[in-house]
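Please read the structure below before turning to the comments.
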Amino acid sequence: MVDQLSWKVGGQQGEGIDSTGEVFSLALNRSGYYLYTYRHFSSRIKGGHTNNKIRVSTKEIRSISDDLDILVAFDQETIDVNHHELHEKGIIIADAKFNPTAPEGCKATLYAIPFTEIANELGTSLMKNMVAIGSTSAILGQSPEEYLEIIRDTYGRKGEKIVEKNMEAIKRGSDHFTELAGGPIDHLQLEKANGKRRMFMIGNDAISMGFLAGGVRFMSAYPITPASEIMEYMTKHLPKVGGAVIQTEDEIAAATMAIGANYAGVRTITSSAGPGLSLMMEAIGLSGMTETPLVIVDTQRGGPSTGLPTKQEQSDLMAMVYGTHGEIPKVVLAPSTAEEAFYDAIEALNIAEEYQCPVILLSDLQLSLGKQTVEPLDYSKIEVRRGKLDPKAELPELDTKEYYKRYELTEDGVSPRVIPGMKYGIHHVTGVEHDETGKPSEVAVNRQKQMDKRLRKLENLNLPNSVHKNVKHEEADLLIVGFNSTRGGIEEALPRLEADGLKVNHAHIRLIHPFPTEELKPLVESAKKVVVIENNATGQLAKVIKTNLGDLDKIESVLKYDGNPFLPSEIYNQSRSCSGWQHLKTFVTM
Amino acid sequence: MATFKDFRNHVKPNWCPGCGDFSVQAAIQRAAANVGLEPQDLAVVSGIGCSGRISGYINSYGFHGIHGRSLPIAQGVKMGNRELTVIASGGDGDGFAIGMGHTIHAIRRNIDITYIVMDNQIYGLTKGQTSPRSEFGFKTKSTPEGSVESAISIMEMALTAGATFVAQSFSSDLKELTALIEQGIEHKGFSLINVFSPCVTYNKVNTYDWFKENLTSLGDIEGYDPSNRMVAMQTLMQNNGLVKGLIYQDKEKQSYQELAHGYSEEPLAKVDLKISEDTFNELVVEFM
């Protein structure tokens, strides 16, 4: 018995590869297994190799696996491209239709099964996916009946006959494999899961749900990979609570419309990826200058320019920290799991209103699109904090035509906020430097006071757990640092490094900006080496750390920017050698 | 009830003496009072340029945004609080050059706001460069030999983009302009009012006198029917766009707010931000 295994299905895009993975993973999710899935896809609708890698475990997992146990292939390309991931006791089940062959050196066992032929016999080649699932169930020693519930949920609305046909396809696939192999594969028998039902969602779902629960009632956005699911979720759900989503003409409109709606007093968000964020930079400055709350999700993908639209990368960090001209207060929050993304979406809304500034909720493709098991979310933890805004307040009468001091110079830098419609709250809002009532002013003293007021706002931001710390050692050989989705891979590499006798601590940065220097400092100081794991080519987080903690020689970068997420083994090997794939010292200049 | 004086504040505009924008400011203040608004019920959103300052010169909620983006900001304000009267405003460079993408889409989206453009066919605040409304051959600092680009026929473009309210007026005609703004505010949907607002400093061609000579008043055309889109288009083309009055109005089409599925009657800014535990549990189950 094993406590985990990994399974991958591959074929041409548009062939139903995703739904094959979906049915397989949903069934296992309902049996109580922990899952983590990652899709390999291209920026096109039909054609091109695509695959869906699904990891199943009886314990919590948050990373793709190093190797592969079972490969389901609908074409030869899937075998050719993926066989190297299979270990020597791995299994390939492939559609007999294309006369599959195992490439030279591939030690995995190949079974050719007539997926398409069986499906055709049942009436439609579309069901070849279900035949493949049936063969999978036979490998794992599962009863085809374990898929009945999910098949019913997925196809039930098309009629009982379709459900029966799909179940028949699963049974035939199972029988065929059993006949061929003589029974289940011994070393791929999964330990029983506890049957507990948990949520199974992509990071974008979790972010969206957080927004909805956190009071978002309007969204303006422009479609882009890998952020569109957020807009789709809100489009589906916001009307149910009276809200609305507008698909704008571009990201400039998306962000500025969100500013308008936030100014009007409704919690409004927008979401995008790198190219969209580039267009939103002027809006981010406007939000900072006018002290209008604004929450933007940046789901990082491969850059620069159009870059790698469907691939993992973490290269927007600097742009998010420094982006927009001039100087504004800004918060960059980077959750590392889907569960945390839910709570951080709510927190981002609260911070934006409490501090009246832009908040970037930073994600990356692996977190946004990787589907994972999520422990129950806690309704009682949802809170709405609006800071110095009380939309129902009765304001004191003002002298005739005096403006309300919306930008009053306060000790904490945060001024009282009112929204349009409130009597005696009239004031001016402008991106031009302004006085306490919002009227444009170029007076030097005023400029300095308003600038200082805005910039001191975040001094009071005290976010608990701004760094996730896994600290087992007072003095460590290694401190591994990362952000966003690399957390799962690092967590898996840790016990392997410890098994080698290394003392390793882990710090995962949740609050990227303002940087939690004081929280990280003791961990850096007590480590002999600091390894910063990042999916980018220039070590952006390492630079931020050096900016805040000093250009320490012991800080090294482990970088990966080929479009793929880190494997736990890569983190293990690179951290162990402590040298990284590239020494950055030669060109790190801040 | 508020009078137009209640929409005045203590800020002295920094426009040049004789600038057409003064009349636009006065017309907005009068129209707001005439339709029965109180200052706190009105939000004026503006772009960047001389005319962009207008939101600071009216005693109402005012948002002076960024160049070309008055429309998305204004649409956001309206979506956030549908009880507010929202006026977007700016110059021809703001709306028809840098902001043209937003203008076309705001027109076809048909959110219930009023967009007032102060069209002076020149960039004033940057001291005299060509604008998308400058006539072919117009000499400016950026086109010393005369502009070789065609001017945008903005009223015709609005009609083809699906506008439900298209009007044009002239700064000198405060009465008509006020009336058109009132109609625009009361129109259920997006209303575009282009106002010829002469720049006395940098545009020595399209002057007050020039407009008086060249503008045709639609009121003078016998039997002109603003509900007929084809006639509207024809009249515009016959007069090279130089007409004033209500050009076109579609009173039937519903606004975005009325059409948006599920969109709350109560202003979103006032709805409860919490969701019930039952609703939350329904959201959870979707992923199980």
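Quick note on naming: the chains in the structure tokens go A, B, ... in the order shown, residues restart at 1 in each chain, and ligands are numbered from 1 in order of appearance.
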Task: Distance-based interface of chain B with chain A, 7 Å, counting only C-alpha atoms, as a PyMOL selection string - done: chain B and resi 9+40-41+43+56+60-66+69+72-77+79-81+84+102+105+261-264+268-269+273-275+277+284+287-288
Task: 12 Å contact set for A:Thr310, only C-alpha atoms, chain neighbours under 5 positions out, as a list in words - done: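 The filter keeps Tyr38, Arg39, His40, Phe41, Ser42, Ser43, Arg44, Thr50, Ile224, Thr225, Pro226, Ala227, Ala273, Gly274, Thr299, Gln300, Arg301, Gly302, Gly303, Asp364, Leu365, Gln366, Ser368, Leu369, Gly370, Asp562, Gly563, Asn564 and Pro565 of chain A.
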Task: Selection near stretch 533-535 of chain A, 8 Å with only C-alpha atoms, sequence-local residues under 3 positions removed, as a PyMOL selection string - done: chain A and resi 312-315+480-483+486+539-541+557-561+565-566+571
If DSSP is run on the backbone, what residues of stretch 129-243 of chain B are helix (DSSP H, G or I)? A reply as a PDB file with C-alpha atoms, in the first residue's frame would be ideal.
ATOM      1  CA  ILE B 154     -17.883  62.688 -33.183  1.00  0.00           C
ATOM      2  CA  MET B 155     -21.649  63.032 -33.396  1.00  0.00           C
ATOM      3  CA  GLU B 156     -21.836  60.623 -36.330  1.00  0.00           C
ATOM      4  CA  MET B 157     -19.541  58.243 -34.513  1.00  0.00           C
ATOM      5  CA  ALA B 158     -21.777  58.343 -31.452  1.00  0.00           C
ATOM      6  CA  LEU B 159     -24.767  57.407 -33.578  1.00  0.00           C
ATOM      7  CA  THR B 160     -22.995  54.458 -35.147  1.00  0.00           C
ATOM      8  CA  LEU B 174     -26.554  79.151 -22.178  1.00  0.00           C
ATOM      9  CA  LYS B 175     -30.303  78.630 -22.347  1.00  0.00           C
ATOM     10  CA  GLU B 176     -30.174  75.805 -24.872  1.00  0.00           C
ATOM     11  CA  LEU B 177     -27.158  74.241 -23.229  1.00  0.00           C
ATOM     12  CA  THR B 178     -28.871  74.234 -19.835  1.00  0.00           C
ATOM     13  CA  ALA B 179     -31.974  72.667 -21.320  1.00  0.00           C
ATOM     14  CA  LEU B 180     -29.957  69.967 -23.092  1.00  0.00           C
ATOM     15  CA  ILE B 181     -28.078  69.093 -19.901  1.00  0.00           C
ATOM     16  CA  GLU B 182     -31.402  68.791 -18.080  1.00  0.00           C
ATOM     17  CA  GLN B 183     -32.663  66.463 -20.803  1.00  0.00           C
ATOM     18  CA  GLY B 184     -29.426  64.525 -20.654  1.00  0.00           C
ATOM     19  CA  ILE B 185     -29.688  64.058 -16.896  1.00  0.00           C
ATOM     20  CA  GLU B 186     -33.283  62.932 -17.216  1.00  0.00           C
ATOM     21  CA  TYR B 208     -17.271  82.562 -31.069  1.00  0.00           C
ATOM     22  CA  ASP B 209     -17.957  84.461 -34.278  1.00  0.00           C
ATOM     23  CA  TRP B 210     -16.945  81.496 -36.412  1.00  0.00           C
ATOM     24  CA  PHE B 211     -19.447  79.227 -34.656  1.00  0.00           C
ATOM     25  CA  LYS B 212     -22.198  81.836 -34.831  1.00  0.00           C
ATOM     26  CA  GLU B 213     -21.670  81.957 -38.572  1.00  0.00           C
ATOM     27  CA  ASN B 214     -21.326  78.259 -39.173  1.00  0.00           C
ATOM     28  CA  LEU B 218     -31.816  72.041 -35.445  1.00  0.00           C
ATOM     29  CA  GLY B 219     -34.726  74.069 -34.122  1.00  0.00           C
ATOM     30  CA  ASP B 220     -34.599  75.999 -37.376  1.00  0.00           C
ATOM     31  CA  ARG B 229     -31.612  58.036 -36.447  1.00  0.00           C
ATOM     32  CA  MET B 230     -31.285  58.097 -40.211  1.00  0.00           C
ATOM     33  CA  VAL B 231     -32.409  61.708 -40.442  1.00  0.00           C
ATOM     34  CA  ALA B 232     -30.038  62.550 -37.607  1.00  0.00           C
ATOM     35  CA  MET B 233     -27.129  61.015 -39.498  1.00  0.00           C
ATOM     36  CA  GLN B 234     -28.110  62.675 -42.749  1.00  0.00           C
ATOM     37  CA  THR B 235     -28.499  66.085 -41.137  1.00  0.00           C
ATOM     38  CA  LEU B 236     -25.105  65.784 -39.483  1.00  0.00           C
ATOM     39  CA  MET B 237     -23.432  64.827 -42.743  1.00  0.00           C
ATOM     40  CA  GLN B 238     -25.174  67.570 -44.714  1.00  0.00           C
TER      41      GLN B 238
END
Strand (DSSP E) residues, from DSSP on the backbone, in stretch 258-460 of chain A, as a PDB file with C-alpha atoms, in the first residue's frame:
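Generated file (result-v2.pdb):
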ATOM      1  CA  THR A 268     -15.042  46.713  -5.840  1.00  0.00           C
ATOM      2  CA  ILE A 269     -12.212  44.650  -7.206  1.00  0.00           C
ATOM      3  CA  THR A 270     -10.483  43.959 -10.461  1.00  0.00           C
ATOM      4  CA  SER A 271      -8.179  41.136 -11.430  1.00  0.00           C
ATOM      5  CA  SER A 272      -5.600  40.605 -14.126  1.00  0.00           C
ATOM      6  CA  LEU A 294      -8.566  49.586  -4.571  1.00  0.00           C
ATOM      7  CA  VAL A 295      -7.896  45.857  -4.551  1.00  0.00           C
ATOM      8  CA  ILE A 296      -6.269  44.355  -7.637  1.00  0.00           C
ATOM      9  CA  VAL A 297      -5.399  40.704  -8.086  1.00  0.00           C
ATOM     10  CA  ASP A 298      -2.260  39.997 -10.076  1.00  0.00           C
ATOM     11  CA  THR A 299      -2.076  36.368 -11.105  1.00  0.00           C
ATOM     12  CA  GLN A 300       1.509  36.226 -12.257  1.00  0.00           C
ATOM     13  CA  VAL A 331       0.314  46.910   0.140  1.00  0.00           C
ATOM     14  CA  VAL A 332       1.317  43.710  -1.647  1.00  0.00           C
ATOM     15  CA  LEU A 333      -0.115  40.589  -0.079  1.00  0.00           C
ATOM     16  CA  PRO A 358      -4.198  50.255  -3.292  1.00  0.00           C
ATOM     17  CA  VAL A 359      -3.684  46.640  -2.262  1.00  0.00           C
ATOM     18  CA  ILE A 360      -2.245  44.111  -4.683  1.00  0.00           C
ATOM     19  CA  LEU A 361      -3.318  40.564  -3.976  1.00  0.00           C
ATOM     20  CA  LEU A 362      -0.428  38.741  -5.581  1.00  0.00           C
ATOM     21  CA  SER A 363      -0.903  35.231  -6.869  1.00  0.00           C
ATOM     22  CA  ASP A 364       0.889  33.123  -9.442  1.00  0.00           C
ATOM     23  CA  LYS A 371      -6.533  22.675  -8.081  1.00  0.00           C
ATOM     24  CA  GLN A 372      -6.123  21.609  -4.498  1.00  0.00           C
ATOM     25  CA  THR A 373      -7.908  20.186  -1.517  1.00  0.00           C
ATOM     26  CA  VAL A 374      -8.860  22.863   0.969  1.00  0.00           C
ATOM     27  CA  HIS A 428     -13.032  67.459  -3.945  1.00  0.00           C
ATOM     28  CA  VAL A 429     -11.005  64.488  -5.108  1.00  0.00           C
ATOM     29  CA  THR A 430      -8.118  64.913  -7.489  1.00  0.00           C
TER      30      THR A 430
END
- [ ] For stretch 160-165 of chain A, list every protein, DNA or RNA residue within 10 Å, evaluated using only C-alpha atoms, and leave out those in the same chain fewer than 6 positions away; present the list as a list in words.
- [x]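 Listed by chain and then number, they are Ala119, Leu122, Gly123, Thr124, Met127, Met130, Leu148, Glu149, Ile150, Ile151, Arg152, Asp153, Thr154 and Lys171 of chain A.
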Open item on the list: When you look at B:Val200 with a cut-off of 12 Å (counting only C-alpha atoms), what residues show up, excluding the ones that are within fewer than 4 positions of it in the same chain? I need them as a ChimeraX atom specification.
Closed with: /B:15-21,120-124,127-128,204-210
Open item on the list: Here is a test: counting only C-alpha atoms, which residue of A:Gln142, A:Ser63, A:Ser228, A:Asn536 is nearest to A:Pro304?
Closed with: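 Looking at the shortest contact to A:Pro304, the residue is A:Asn536.
Here atom CA of B:Phe138 and atom CA of B:Gly95 stand 19.6 Å from one another.
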Open item on the list: Quick one: residues within 12 Å of B:Gly90, only C-alpha atoms, excluding same-chain residues fewer than 3 positions away - as number ranges by chain?
Closed with: B: 21, 24-25, 44-55, 63-71, 74, 87, 93-100, 103, 114-120, 123, 192-195, 197
